[in-house]
$ cat data_10.cif   # mmCIF, C-alpha atoms and all ligand atoms
data_data
#
loop_
_atom_site.label_atom_id
_atom_site.label_comp_id
_atom_site.auth_asym_id
_atom_site.auth_seq_id
_atom_site.Cartn_x
_atom_site.Cartn_y
_atom_site.Cartn_z
CA MET K 63 0.00 0.00 0.00
CA ALA K 64 1.37 3.38 -0.99
CA THR K 65 1.99 5.95 1.71
CA CYS K 66 0.40 9.37 1.42
CA TYR K 67 1.65 12.52 3.09
CA LEU K 68 -1.45 14.57 3.84
CA ASN K 69 -1.07 17.92 5.58
CA GLY K 70 1.70 16.81 7.94
CA LYS K 71 0.71 13.14 8.46
CA TYR K 72 1.81 9.93 6.75
CA LEU K 73 -1.16 7.62 6.07
CA PRO K 74 -1.92 4.61 3.91
CA LEU K 75 -3.22 6.06 0.61
CA SER K 76 -6.63 4.43 1.10
CA LYS K 77 -7.03 6.25 4.45
CA ALA K 78 -5.99 9.68 3.13
CA ASN K 79 -9.21 11.65 2.76
CA ILE K 80 -9.99 15.31 2.36
CA SER K 81 -13.20 17.30 2.54
CA ILE K 82 -15.52 17.77 -0.42
CA THR K 83 -15.24 21.49 0.35
CA ASP K 84 -11.64 21.35 -0.96
CA ARG K 85 -11.29 24.03 -3.64
CA GLY K 86 -9.31 21.59 -5.78
CA PHE K 87 -12.36 19.29 -5.84
CA GLN K 88 -14.81 22.18 -6.32
CA PHE K 89 -12.91 24.41 -8.78
CA SER K 90 -9.65 22.64 -9.79
CA ASP K 91 -8.08 25.41 -7.73
CA GLY K 92 -4.67 23.84 -7.34
CA ILE K 93 -1.48 22.68 -8.98
CA TYR K 94 0.56 19.48 -9.20
CA GLU K 95 3.92 17.97 -10.06
CA VAL K 96 5.07 14.56 -11.25
CA ILE K 97 8.63 13.46 -10.48
CA GLY K 98 10.10 10.32 -12.02
CA VAL K 99 12.00 7.79 -9.89
CA TYR K 100 14.46 5.56 -11.76
CA ASP K 101 16.60 2.92 -10.02
CA GLY K 102 15.79 4.61 -6.73
CA LYS K 103 16.89 8.06 -7.93
CA PHE K 104 14.68 11.12 -8.25
CA ILE K 105 14.89 12.59 -11.74
CA ASP K 106 15.37 16.35 -12.18
CA ILE K 107 13.79 16.96 -8.76
CA ASP K 108 15.27 20.44 -8.33
CA LEU K 109 13.62 21.52 -11.59
CA HIS K 110 10.25 20.07 -10.54
CA LEU K 111 10.37 21.77 -7.14
CA LYS K 112 11.28 25.07 -8.79
CA ARG K 113 8.34 24.73 -11.19
CA LEU K 114 6.03 23.78 -8.30
CA LYS K 115 6.97 27.01 -6.54
CA ARG K 116 6.39 28.99 -9.72
CA SER K 117 2.95 27.44 -10.32
CA LEU K 118 1.96 28.23 -6.71
CA GLY K 119 3.15 31.82 -7.13
CA GLU K 120 1.23 32.29 -10.39
CA ILE K 121 -2.07 31.42 -8.68
CA LYS K 122 -1.15 33.01 -5.35
CA ILE K 123 -1.22 29.93 -3.14
CA LYS K 124 1.12 30.29 -0.16
CA ILE K 125 2.47 27.23 1.64
CA LYS K 126 4.65 27.00 4.74
CA LEU K 127 6.75 24.07 3.46
CA SER K 128 10.07 24.92 1.84
CA SER K 129 11.40 23.02 -1.20
CA GLU K 130 13.89 21.30 1.14
CA GLU K 131 11.03 20.10 3.35
CA ILE K 132 9.10 18.80 0.33
CA LEU K 133 12.21 16.95 -0.79
CA LYS K 134 12.50 15.40 2.70
CA ILE K 135 8.87 14.22 2.51
CA ALA K 136 9.44 12.76 -0.96
CA ASN K 137 12.50 10.91 0.40
CA THR K 138 10.53 9.56 3.36
CA ILE K 139 7.76 8.28 1.08
CA GLN K 140 10.23 6.71 -1.32
CA LYS K 141 11.90 4.85 1.59
CA LYS K 142 8.59 3.80 3.22
CA ASP K 143 7.24 2.51 -0.11
CA LYS K 144 10.63 1.10 -1.25
CA LEU K 145 9.97 2.77 -4.58
CA GLU K 146 12.71 1.94 -7.08
CA ASN K 147 10.80 2.87 -10.24
CA GLY K 148 7.73 5.03 -10.60
CA ILE K 149 6.65 8.54 -9.80
CA ILE K 150 6.18 10.86 -6.85
CA TYR K 151 2.94 12.83 -7.22
CA ILE K 152 2.51 16.17 -5.47
CA GLN K 153 -0.77 18.09 -5.40
CA ILE K 154 -1.43 21.35 -3.61
CA THR K 155 -4.85 22.97 -3.56
CA ARG K 156 -5.92 26.28 -2.05
CA GLY K 157 -7.70 24.49 0.82
CA ASN K 158 -11.21 23.87 2.12
CA GLN K 159 -13.82 26.61 1.87
CA ASN K 160 -17.40 26.49 3.05
CA PRO K 161 -19.73 27.95 1.85
CA ARG K 162 -18.62 27.36 -1.72
CA ASP K 163 -17.65 30.59 -3.44
CA HIS K 164 -15.55 31.37 -6.52
CA LYS K 165 -13.97 34.15 -4.45
CA TYR K 166 -11.44 32.75 -2.03
CA THR K 167 -10.91 34.04 1.47
CA SER K 168 -7.49 34.89 2.88
CA ASN K 169 -7.56 32.41 5.79
CA LEU K 170 -7.45 29.14 3.83
CA LYS K 171 -5.02 26.34 4.65
CA PRO K 172 -3.72 24.63 1.50
CA ASN K 173 -4.23 20.87 1.23
CA ILE K 174 -0.88 19.24 0.48
CA ILE K 175 -0.79 15.68 -0.80
CA ILE K 176 2.35 13.73 -1.73
CA TYR K 177 2.39 10.03 -2.60
CA SER K 178 4.15 7.50 -4.77
CA ILE K 179 2.83 5.53 -7.73
CA TYR K 180 4.67 2.38 -8.79
CA LYS K 181 5.32 2.32 -12.52
CA ASN K 182 7.84 0.18 -14.34
CA LEU K 183 9.51 2.98 -16.28
CA LYS K 184 11.93 0.43 -17.72
CA LEU K 185 9.15 -1.00 -19.91
CA ASN K 186 9.49 2.21 -21.90
CA ASP K 187 12.99 1.13 -22.97
CA GLN K 188 11.46 -1.61 -25.14
CA LEU K 189 8.64 0.65 -26.28
CA SER K 190 11.12 3.29 -27.38
CA LEU K 191 12.81 0.85 -29.77
CA LYS K 192 9.50 0.39 -31.58
CA GLY K 193 8.32 3.97 -31.13
CA VAL K 194 4.73 5.03 -30.48
CA PRO K 195 1.74 6.11 -32.59
CA VAL K 196 -0.02 9.37 -31.68
CA ILE K 197 -2.89 11.48 -32.91
CA THR K 198 -3.24 15.23 -33.38
CA TYR K 199 -6.04 17.00 -31.53
CA PRO K 200 -7.18 20.65 -31.18
CA ASP K 201 -5.64 22.45 -28.22
CA ILE K 202 -8.84 23.39 -26.36
CA ARG K 203 -7.11 24.07 -23.03
CA TRP K 204 -7.21 27.38 -21.17
CA LEU K 205 -4.75 30.14 -22.08
CA ARG K 206 -2.22 29.44 -19.28
CA PRO K 207 -0.89 25.91 -19.76
CA ASP K 208 2.46 27.19 -18.41
CA ILE K 209 0.88 26.78 -14.95
CA LYS K 210 0.76 23.10 -13.98
CA SER K 211 -2.89 23.31 -12.97
CA ILE K 212 -4.89 20.26 -11.84
CA SER K 213 -7.62 21.43 -14.23
CA LEU K 214 -6.96 18.80 -16.90
CA LEU K 215 -10.34 18.15 -18.52
CA ALA K 216 -9.16 19.19 -22.00
CA ASN K 217 -6.12 16.91 -21.61
CA VAL K 218 -8.34 14.07 -20.42
CA ILE K 219 -10.56 14.44 -23.49
CA ALA K 220 -7.59 14.60 -25.89
CA VAL K 221 -5.71 11.61 -24.51
CA ASN K 222 -8.82 9.44 -24.33
CA LYS K 223 -9.44 10.15 -27.99
CA ALA K 224 -5.85 8.96 -28.52
CA LYS K 225 -6.58 5.86 -26.41
CA ASP K 226 -9.68 5.12 -28.54
CA MET K 227 -7.43 5.24 -31.59
CA LYS K 228 -4.93 2.89 -29.84
CA CYS K 229 -2.42 5.72 -29.63
CA HIS K 230 0.01 6.74 -26.89
CA GLU K 231 -0.43 10.50 -26.82
CA ALA K 232 -2.27 13.44 -28.42
CA ILE K 233 -0.24 16.21 -30.05
CA LEU K 234 -2.12 19.49 -29.64
CA PHE K 235 -2.48 22.19 -32.31
CA ASP K 236 -3.92 25.68 -31.92
CA SER K 237 -6.42 27.55 -34.11
CA ASN K 238 -3.56 28.53 -36.50
CA ASN K 239 -2.51 24.89 -36.93
CA ASN K 240 0.60 25.53 -34.86
CA ILE K 241 1.76 22.65 -32.70
CA THR K 242 1.87 23.65 -29.04
CA GLU K 243 2.79 20.52 -27.07
CA GLY K 244 1.58 17.05 -26.24
CA ASN K 245 -1.31 16.17 -23.99
CA SER K 246 1.22 15.53 -21.23
CA SER K 247 4.55 16.06 -22.97
CA SER K 248 6.78 18.46 -24.85
CA ILE K 249 6.84 17.79 -28.61
CA TRP K 250 10.01 17.92 -30.69
CA ILE K 251 10.75 17.58 -34.39
CA ILE K 252 14.10 16.89 -36.01
CA LYS K 253 15.16 18.43 -39.32
CA GLY K 254 18.75 17.60 -40.26
CA LYS K 255 20.81 18.41 -37.16
CA LYS K 256 18.15 20.69 -35.68
CA CYS K 257 16.03 19.60 -32.72
CA ILE K 258 13.07 21.98 -32.75
CA THR K 259 10.43 22.61 -30.09
CA HIS K 260 7.89 25.32 -29.18
CA PRO K 261 9.37 28.43 -27.50
CA LEU K 262 8.68 28.96 -23.79
CA THR K 263 5.52 31.06 -23.79
CA GLU K 264 2.28 30.93 -21.79
CA LYS K 265 0.98 28.41 -24.37
CA ILE K 266 3.10 25.50 -23.09
CA LEU K 267 4.43 24.01 -19.88
CA ASN K 268 8.15 24.50 -19.30
CA GLY K 269 9.03 20.81 -19.34
CA CYS K 270 11.78 19.74 -16.97
CA THR K 271 12.80 16.96 -19.38
CA ARG K 272 12.79 19.55 -22.19
CA TYR K 273 15.15 21.75 -20.16
CA LYS K 274 17.49 18.86 -19.32
CA LEU K 275 17.62 17.78 -22.96
CA ILE K 276 18.88 21.13 -24.26
CA SER K 277 22.45 20.64 -23.01
CA ILE K 278 22.39 16.97 -24.09
CA ILE K 279 21.44 18.06 -27.62
CA GLN K 280 24.24 20.59 -27.71
CA LYS K 281 26.83 18.19 -26.25
CA ASN K 282 26.04 15.72 -29.02
CA GLY K 283 26.79 18.08 -31.89
CA LEU K 284 23.12 18.83 -32.58
CA ILE K 285 21.37 22.20 -32.71
CA PHE K 286 18.64 23.24 -30.28
CA GLU K 287 16.05 25.56 -31.80
CA GLU K 288 12.88 27.08 -30.33
CA LYS K 289 10.41 27.78 -33.11
CA ILE K 290 6.67 27.77 -33.64
CA PHE K 291 5.93 25.17 -36.32
CA LYS K 292 2.82 24.04 -38.14
CA LYS K 293 1.16 20.66 -38.38
CA LYS K 294 2.48 20.39 -41.95
CA LEU K 295 6.12 20.51 -40.79
CA LEU K 296 5.37 17.93 -38.10
CA PHE K 297 4.40 15.46 -40.83
CA ASN K 298 7.46 16.40 -42.92
CA SER K 299 10.08 16.03 -40.22
CA ASP K 300 12.95 13.55 -40.23
CA GLU K 301 11.98 12.41 -36.73
CA VAL K 302 9.44 13.36 -34.07
CA PHE K 303 9.68 12.61 -30.36
CA MET K 304 8.00 13.54 -27.09
CA THR K 305 9.53 14.17 -23.68
CA ASN K 306 8.19 14.02 -20.14
CA ALA K 307 9.03 12.81 -16.64
CA SER K 308 7.87 9.22 -17.14
CA ASN K 309 8.53 8.65 -20.86
CA PHE K 310 11.91 10.47 -20.90
CA VAL K 311 12.51 10.69 -24.68
CA MET K 312 9.97 8.65 -26.64
CA PRO K 313 10.21 8.36 -30.45
CA ILE K 314 6.96 8.93 -32.35
CA VAL K 315 6.62 6.79 -35.47
CA LYS K 316 3.04 7.37 -36.62
CA ILE K 317 0.83 10.46 -36.48
CA ASP K 318 -2.86 10.20 -37.41
CA GLY K 319 -2.01 6.89 -39.10
CA LYS K 320 0.78 8.39 -41.27
CA LYS K 321 4.30 7.03 -40.86
CA ILE K 322 7.08 9.30 -39.59
CA ALA K 323 10.73 8.35 -40.15
CA LYS K 324 9.53 5.36 -42.22
CA GLY K 325 7.62 4.15 -39.18
CA LYS K 326 10.79 3.38 -37.21
CA SER K 327 12.32 4.97 -34.12
CA GLY K 328 14.80 7.52 -35.43
CA PRO K 329 18.53 7.32 -34.59
CA ILE K 330 18.71 10.83 -33.12
CA SER K 331 15.67 10.27 -30.88
CA LEU K 332 17.20 7.02 -29.59
CA LEU K 333 20.59 8.65 -29.06
CA LEU K 334 18.99 11.44 -27.03
CA ARG K 335 17.01 8.91 -24.99
CA ASN K 336 20.18 6.94 -24.15
CA GLU K 337 22.11 10.09 -23.25
CA TYR K 338 19.21 11.36 -21.08
CA ILE K 339 19.07 8.05 -19.16
CA LYS K 340 22.85 8.08 -18.72
CA ALA K 341 22.58 11.55 -17.17
CA ILE K 342 19.95 10.54 -14.54
C1 LIG R 1 1.12 19.57 -20.89
C2 LIG R 1 2.49 19.08 -20.56
N1 LIG R 1 3.53 19.52 -21.28
C3 LIG R 1 4.78 19.09 -21.04
C4 LIG R 1 5.05 18.15 -20.06
C5 LIG R 1 6.45 17.70 -19.83
O1 LIG R 1 6.94 18.14 -18.61
P1 LIG R 1 8.05 17.34 -17.81
O2 LIG R 1 9.17 17.10 -18.78
O3 LIG R 1 8.45 18.27 -16.74
O4 LIG R 1 7.44 16.08 -17.31
C6 LIG R 1 3.99 17.67 -19.28
C7 LIG R 1 4.24 16.70 -18.21
O5 LIG R 1 3.37 16.16 -17.61
C8 LIG R 1 2.69 18.14 -19.52
O6 LIG R 1 1.63 17.72 -18.80
#

$ encode --input "data_10.cif" --output "structure tokens" --more "lines below"
Ligand SMILES: Cc1ncc(COP(=O)(O)O)c(C=O)c1O
Amino acid sequence: MATCYLNGKYLPLSKANISITDRGFQFSDGIYEVIGVYDGKFIDIDLHLKRLKRSLGEIKIKIKLSSEEILKIANTIQKKDKLENGIIYIQITRGNQNPRDHKYTSNLKPNIIIYSIYKNLKLNDQLSLKGVPVITYPDIRWLRPDIKSISLLANVIAVNKAKDMKCHEAILFDSNNNITEGNSSSIWIIKGKKCITHPLTEKILNGCTRYKLISIIQKNGLIFEEKIFKKKLLFNSDEVFMTNASNFVMPIVKIDGKKIAKGKSGPISLLLRNEYIKAI
């Protein structure tokens, strides 16, 4: 049974309950983080804790815990659960408020939840050799996806459409046919030696894996470029791959049923995956 840290206490996950007056439950008024654990090591945890702080700041939620204290809790949970591979999930909402009101009061106590989820991230090594099929889907999310909000209904709709089509992920495009990012990943295309991804704007999440990959790209004689690109270029790229905390670097070999890179995992995508794993 996974252990859950809930507002200062460690409980079995099944016993960790919060009130239905929680503003996260009522309004999705909260943020989250997902940190990968690989061979017992946290991946890019400093980057995730920095982003957590930023998300909290953007929606004006104040917590008493420091990043160091959150790291300590994550360590305790990892040890209690003997988690070698999987993820640490952190969710912080603005707190309970009764009566329900869109306007929040200043005396709320945030609800802080941290627990582990076992996931065999190593299975992705085999998957990456084959690569994954994905779909494209309209980006119908709100205008601030740079905040890691728990309001994920648009993402839920997009990825379940992908699931219906037996696909791994949905690549999102805006009303100008520009690719923004994946349903839960950063999207990259490769053209020659260039590894291209969307610039850091309010339209995408600043991926921690994305950030880590930049120096790996440059160290391997490749060129990192931030550029807005259209759906058309996505289909005409040499390779396409996605990055996130649990997939690392995952080659994409089919989009909307059309083959990319002849339907095989591309050599640059696989090189970047190997180098990323080496750097964990
Ligand atoms: C919408 C979105 N974009 C990008 C990412 C990639 O972020 P990271 O590399 O930090 O996992 C995620 C991760 O969940 C995401 O949900």

$ closest_atom_pairs --input "data_10.cif" --of "chain K" --to "ligand LIG 1 (chain R)" --cutoff "7 Å" --atoms "all atoms listed in the file" --output "Markdown table"
| residue | atom | partner | partner_atom | distance |
| --- | --- | --- | --- | --- |
| K:Val96 | CA | R:LIG1 | O4 | 6.7 |
| K:His110 | CA | R:LIG1 | O3 | 6.7 |
| K:Pro207 | CA | R:LIG1 | C1 | 6.7 |
| K:Glu243 | CA | R:LIG1 | N1 | 5.9 |
| K:Gly244 | CA | R:LIG1 | N1 | 5.9 |
| K:Asn245 | CA | R:LIG1 | C1 | 5.2 |
| K:Ser246 | CA | R:LIG1 | O6 | 3.3 |
| K:Ser247 | CA | R:LIG1 | C3 | 3.6 |
| K:Ser248 | CA | R:LIG1 | C3 | 4.3 |
| K:Ile266 | CA | R:LIG1 | N1 | 6.3 |
| K:Leu267 | CA | R:LIG1 | N1 | 4.8 |
| K:Asn268 | CA | R:LIG1 | O1 | 6.5 |
| K:Gly269 | CA | R:LIG1 | O1 | 3.5 |
| K:Cys270 | CA | R:LIG1 | O3 | 3.6 |
| K:Thr271 | CA | R:LIG1 | O2 | 3.7 |
| K:Arg272 | CA | R:LIG1 | O2 | 5.5 |
| K:Thr305 | CA | R:LIG1 | O2 | 5.7 |
| K:Asn306 | CA | R:LIG1 | O2 | 3.5 |
| K:Ala307 | CA | R:LIG1 | O4 | 3.7 |
| K:Ser308 | CA | R:LIG1 | O4 | 6.9 |

$ atom_distance --input "data_10.cif" --atom1 "CA of Asn158 (chain K)" --atom2 "CA of Ser90 (chain K)"
12.1 Å

$ closest_atom_pairs --input "data_10.cif" --of "region 246-337 of chain K" --to "region 221-229 of chain K" --cutoff "12 Å" --atoms "all atoms listed in the file" --output "Markdown table"
| residue | atom | partner | partner_atom | distance |
| --- | --- | --- | --- | --- |
| K:Ser246 | CA | K:Val221 | CA | 8.6 |
| K:Ser247 | CA | K:Val221 | CA | 11.3 |
| K:Ile314 | CA | K:Cys229 | CA | 10.3 |
| K:Val315 | CA | K:Cys229 | CA | 10.8 |
| K:Lys316 | CA | K:Cys229 | CA | 9.0 |
| K:Ile317 | CA | K:Cys229 | CA | 8.9 |
| K:Asp318 | CA | K:Met227 | CA | 8.9 |
| K:Gly319 | CA | K:Met227 | CA | 9.4 |

$ residues_around --input "data_10.cif" --residues "region 75-79 of chain K" --least-positions-apart "3" --cutoff "8 Å" --atoms "all atoms listed in the file" --output "VMD selection string"
chain K and resid 63 to 66 68 177

$ write_last_selection --input "data_10.cif" --atoms "C-alpha atoms" --output "compact mmCIF listing (two decimals), keeping the file's coordinate frame"
# COMPACT_ATOMS: atom_id res chain seq x y z
CA MET K 63 0.00 0.00 0.00
CA ALA K 64 1.37 3.38 -0.99
CA THR K 65 1.99 5.95 1.71
CA CYS K 66 0.40 9.37 1.42
CA LEU K 68 -1.45 14.57 3.84
CA TYR K 177 2.39 10.03 -2.60

$ closest_residue --input "data_10.cif" --among "K:Ser299, K:Met304, K:Tyr166, K:Ile97" --to "Ile233 (chain K)" --atoms "all atoms listed in the file"
K:Met304

$ residues_near_point --input "data_10.cif" --point "(18.2, 20.9, -32.6)" --cutoff "9 Å" --atoms "all atoms listed in the file" --output "list of chain:residue names"
K:Trp250, K:Ile251, K:Ile252, K:Lys253, K:Gly254, K:Lys255, K:Lys256, K:Cys257, K:Ile258, K:Thr259, K:Ile276, K:Ile279, K:Gln280, K:Leu284, K:Ile285, K:Phe286, K:Glu287, K:Glu288

$ closest_residue --input "data_10.cif" --among "K:Leu170, K:Ala341, K:Leu109, K:Ile175" --to "Lys124 (chain K)" --atoms "all atoms listed in the file"
K:Leu170

$ atom_distance --input "data_10.cif" --atom1 "CA of Tyr199 (chain K)" --atom2 "CA of Leu214 (chain K)"
14.8 Å

$ closest_residue --input "data_10.cif" --among "K:Gly98, K:Gly328, K:Gly157, K:Gly119" --to "Ile80 (chain K)" --atoms "all atoms listed in the file"
K:Gly157

$ residues_near_point --input "data_10.cif" --point "(-10.3, 27.7, -6.7)" --cutoff "12 Å" --atoms "all atoms listed in the file" --output "ChimeraX atom specification"
/K:83-93,121-123,154-159,162-167,170,172,211-213

$ closest_residue --input "data_10.cif" --among "K:Leu234, K:Val302, K:Ile241, K:Ile278" --to "Gly325 (chain K)" --atoms "only C-alpha atoms"
K:Val302

$ atom_distance --input "data_10.cif" --atom1 "CA of Asn336 (chain K)" --atom2 "CA of Lys274 (chain K)"
13.1 Å

$ closest_residue --input "data_10.cif" --among "K:Arg203, K:Lys184, K:Lys293, K:Lys340" --to "Asn217 (chain K)" --atoms "all atoms listed in the file"
K:Arg203

$ closest_atom_pairs --input "data_10.cif" --of "region 128-161 of chain K" --to "region 178-183 of chain K" --cutoff "9 Å" --atoms "only C-alpha atoms" --output "JSON lines"
{"residue": "K:Ala136", "atom": "CA", "partner": "K:Ser178", "partner_atom": "CA", "distance": 8.4}
{"residue": "K:Ile139", "atom": "CA", "partner": "K:Ser178", "partner_atom": "CA", "distance": 6.9}
{"residue": "K:Gln140", "atom": "CA", "partner": "K:Ser178", "partner_atom": "CA", "distance": 7.0}
{"residue": "K:Asp143", "atom": "CA", "partner": "K:Ser178", "partner_atom": "CA", "distance": 7.5}
{"residue": "K:Leu145", "atom": "CA", "partner": "K:Tyr180", "partner_atom": "CA", "distance": 6.8}
{"residue": "K:Glu146", "atom": "CA", "partner": "K:Tyr180", "partner_atom": "CA", "distance": 8.2}
{"residue": "K:Asn147", "atom": "CA", "partner": "K:Asn182", "partner_atom": "CA", "distance": 5.7}
{"residue": "K:Gly148", "atom": "CA", "partner": "K:Lys181", "partner_atom": "CA", "distance": 4.1}
{"residue": "K:Ile149", "atom": "CA", "partner": "K:Ile179", "partner_atom": "CA", "distance": 5.3}
{"residue": "K:Ile150", "atom": "CA", "partner": "K:Ser178", "partner_atom": "CA", "distance": 4.4}
{"residue": "K:Tyr151", "atom": "CA", "partner": "K:Ser178", "partner_atom": "CA", "distance": 6.0}
{"residue": "K:Ile152", "atom": "CA", "partner": "K:Ser178", "partner_atom": "CA", "distance": 8.9}

$ closest_residue --input "data_10.cif" --among "K:Leu334, K:Pro74, K:Glu130, K:Ile339" --to "Lys103 (chain K)" --atoms "only C-alpha atoms"
K:Ile339

$ build_atoms --input "data_10.cif" --residues "region 129-140 of chain K" --atoms "N, CA and C atoms" --output "PDB file, in the coordinates of the input"
ATOM      1  N   SER K 129      11.048  24.071  -0.224  1.00  0.00           N
ATOM      2  CA  SER K 129      11.400  23.020  -1.200  1.00  0.00           C
ATOM      3  C   SER K 129      12.189  21.916  -0.518  1.00  0.00           C
ATOM      4  N   GLU K 130      13.072  22.299   0.425  1.00  0.00           N
ATOM      5  CA  GLU K 130      13.890  21.300   1.140  1.00  0.00           C
ATOM      6  C   GLU K 130      12.983  20.365   1.945  1.00  0.00           C
ATOM      7  N   GLU K 131      11.952  20.934   2.567  1.00  0.00           N
ATOM      8  CA  GLU K 131      11.030  20.100   3.350  1.00  0.00           C
ATOM      9  C   GLU K 131      10.220  19.165   2.441  1.00  0.00           C
ATOM     10  N   ILE K 132       9.838  19.666   1.270  1.00  0.00           N
ATOM     11  CA  ILE K 132       9.100  18.800   0.330  1.00  0.00           C
ATOM     12  C   ILE K 132       9.998  17.654  -0.130  1.00  0.00           C
ATOM     13  N   LEU K 133      11.250  17.984  -0.379  1.00  0.00           N
ATOM     14  CA  LEU K 133      12.210  16.950  -0.790  1.00  0.00           C
ATOM     15  C   LEU K 133      12.354  15.884   0.303  1.00  0.00           C
ATOM     16  N   LYS K 134      12.399  16.327   1.558  1.00  0.00           N
ATOM     17  CA  LYS K 134      12.500  15.400   2.700  1.00  0.00           C
ATOM     18  C   LYS K 134      11.292  14.465   2.723  1.00  0.00           C
ATOM     19  N   ILE K 135      10.108  15.028   2.503  1.00  0.00           N
ATOM     20  CA  ILE K 135       8.870  14.220   2.510  1.00  0.00           C
ATOM     21  C   ILE K 135       8.926  13.194   1.372  1.00  0.00           C
ATOM     22  N   ALA K 136       9.350  13.662   0.200  1.00  0.00           N
ATOM     23  CA  ALA K 136       9.440  12.760  -0.960  1.00  0.00           C
ATOM     24  C   ALA K 136      10.406  11.619  -0.651  1.00  0.00           C
ATOM     25  N   ASN K 137      11.523  11.939   0.007  1.00  0.00           N
ATOM     26  CA  ASN K 137      12.500  10.910   0.400  1.00  0.00           C
ATOM     27  C   ASN K 137      11.906   9.912   1.372  1.00  0.00           C
ATOM     28  N   THR K 138      11.159  10.427   2.360  1.00  0.00           N
ATOM     29  CA  THR K 138      10.530   9.560   3.360  1.00  0.00           C
ATOM     30  C   THR K 138       9.564   8.594   2.675  1.00  0.00           C
ATOM     31  N   ILE K 139       8.745   9.125   1.767  1.00  0.00           N
ATOM     32  CA  ILE K 139       7.760   8.280   1.080  1.00  0.00           C
ATOM     33  C   ILE K 139       8.456   7.229   0.216  1.00  0.00           C
ATOM     34  N   GLN K 140       9.510   7.656  -0.463  1.00  0.00           N
ATOM     35  CA  GLN K 140      10.230   6.710  -1.320  1.00  0.00           C
ATOM     36  C   GLN K 140      10.782   5.558  -0.479  1.00  0.00           C
TER      37      GLN K 140
END
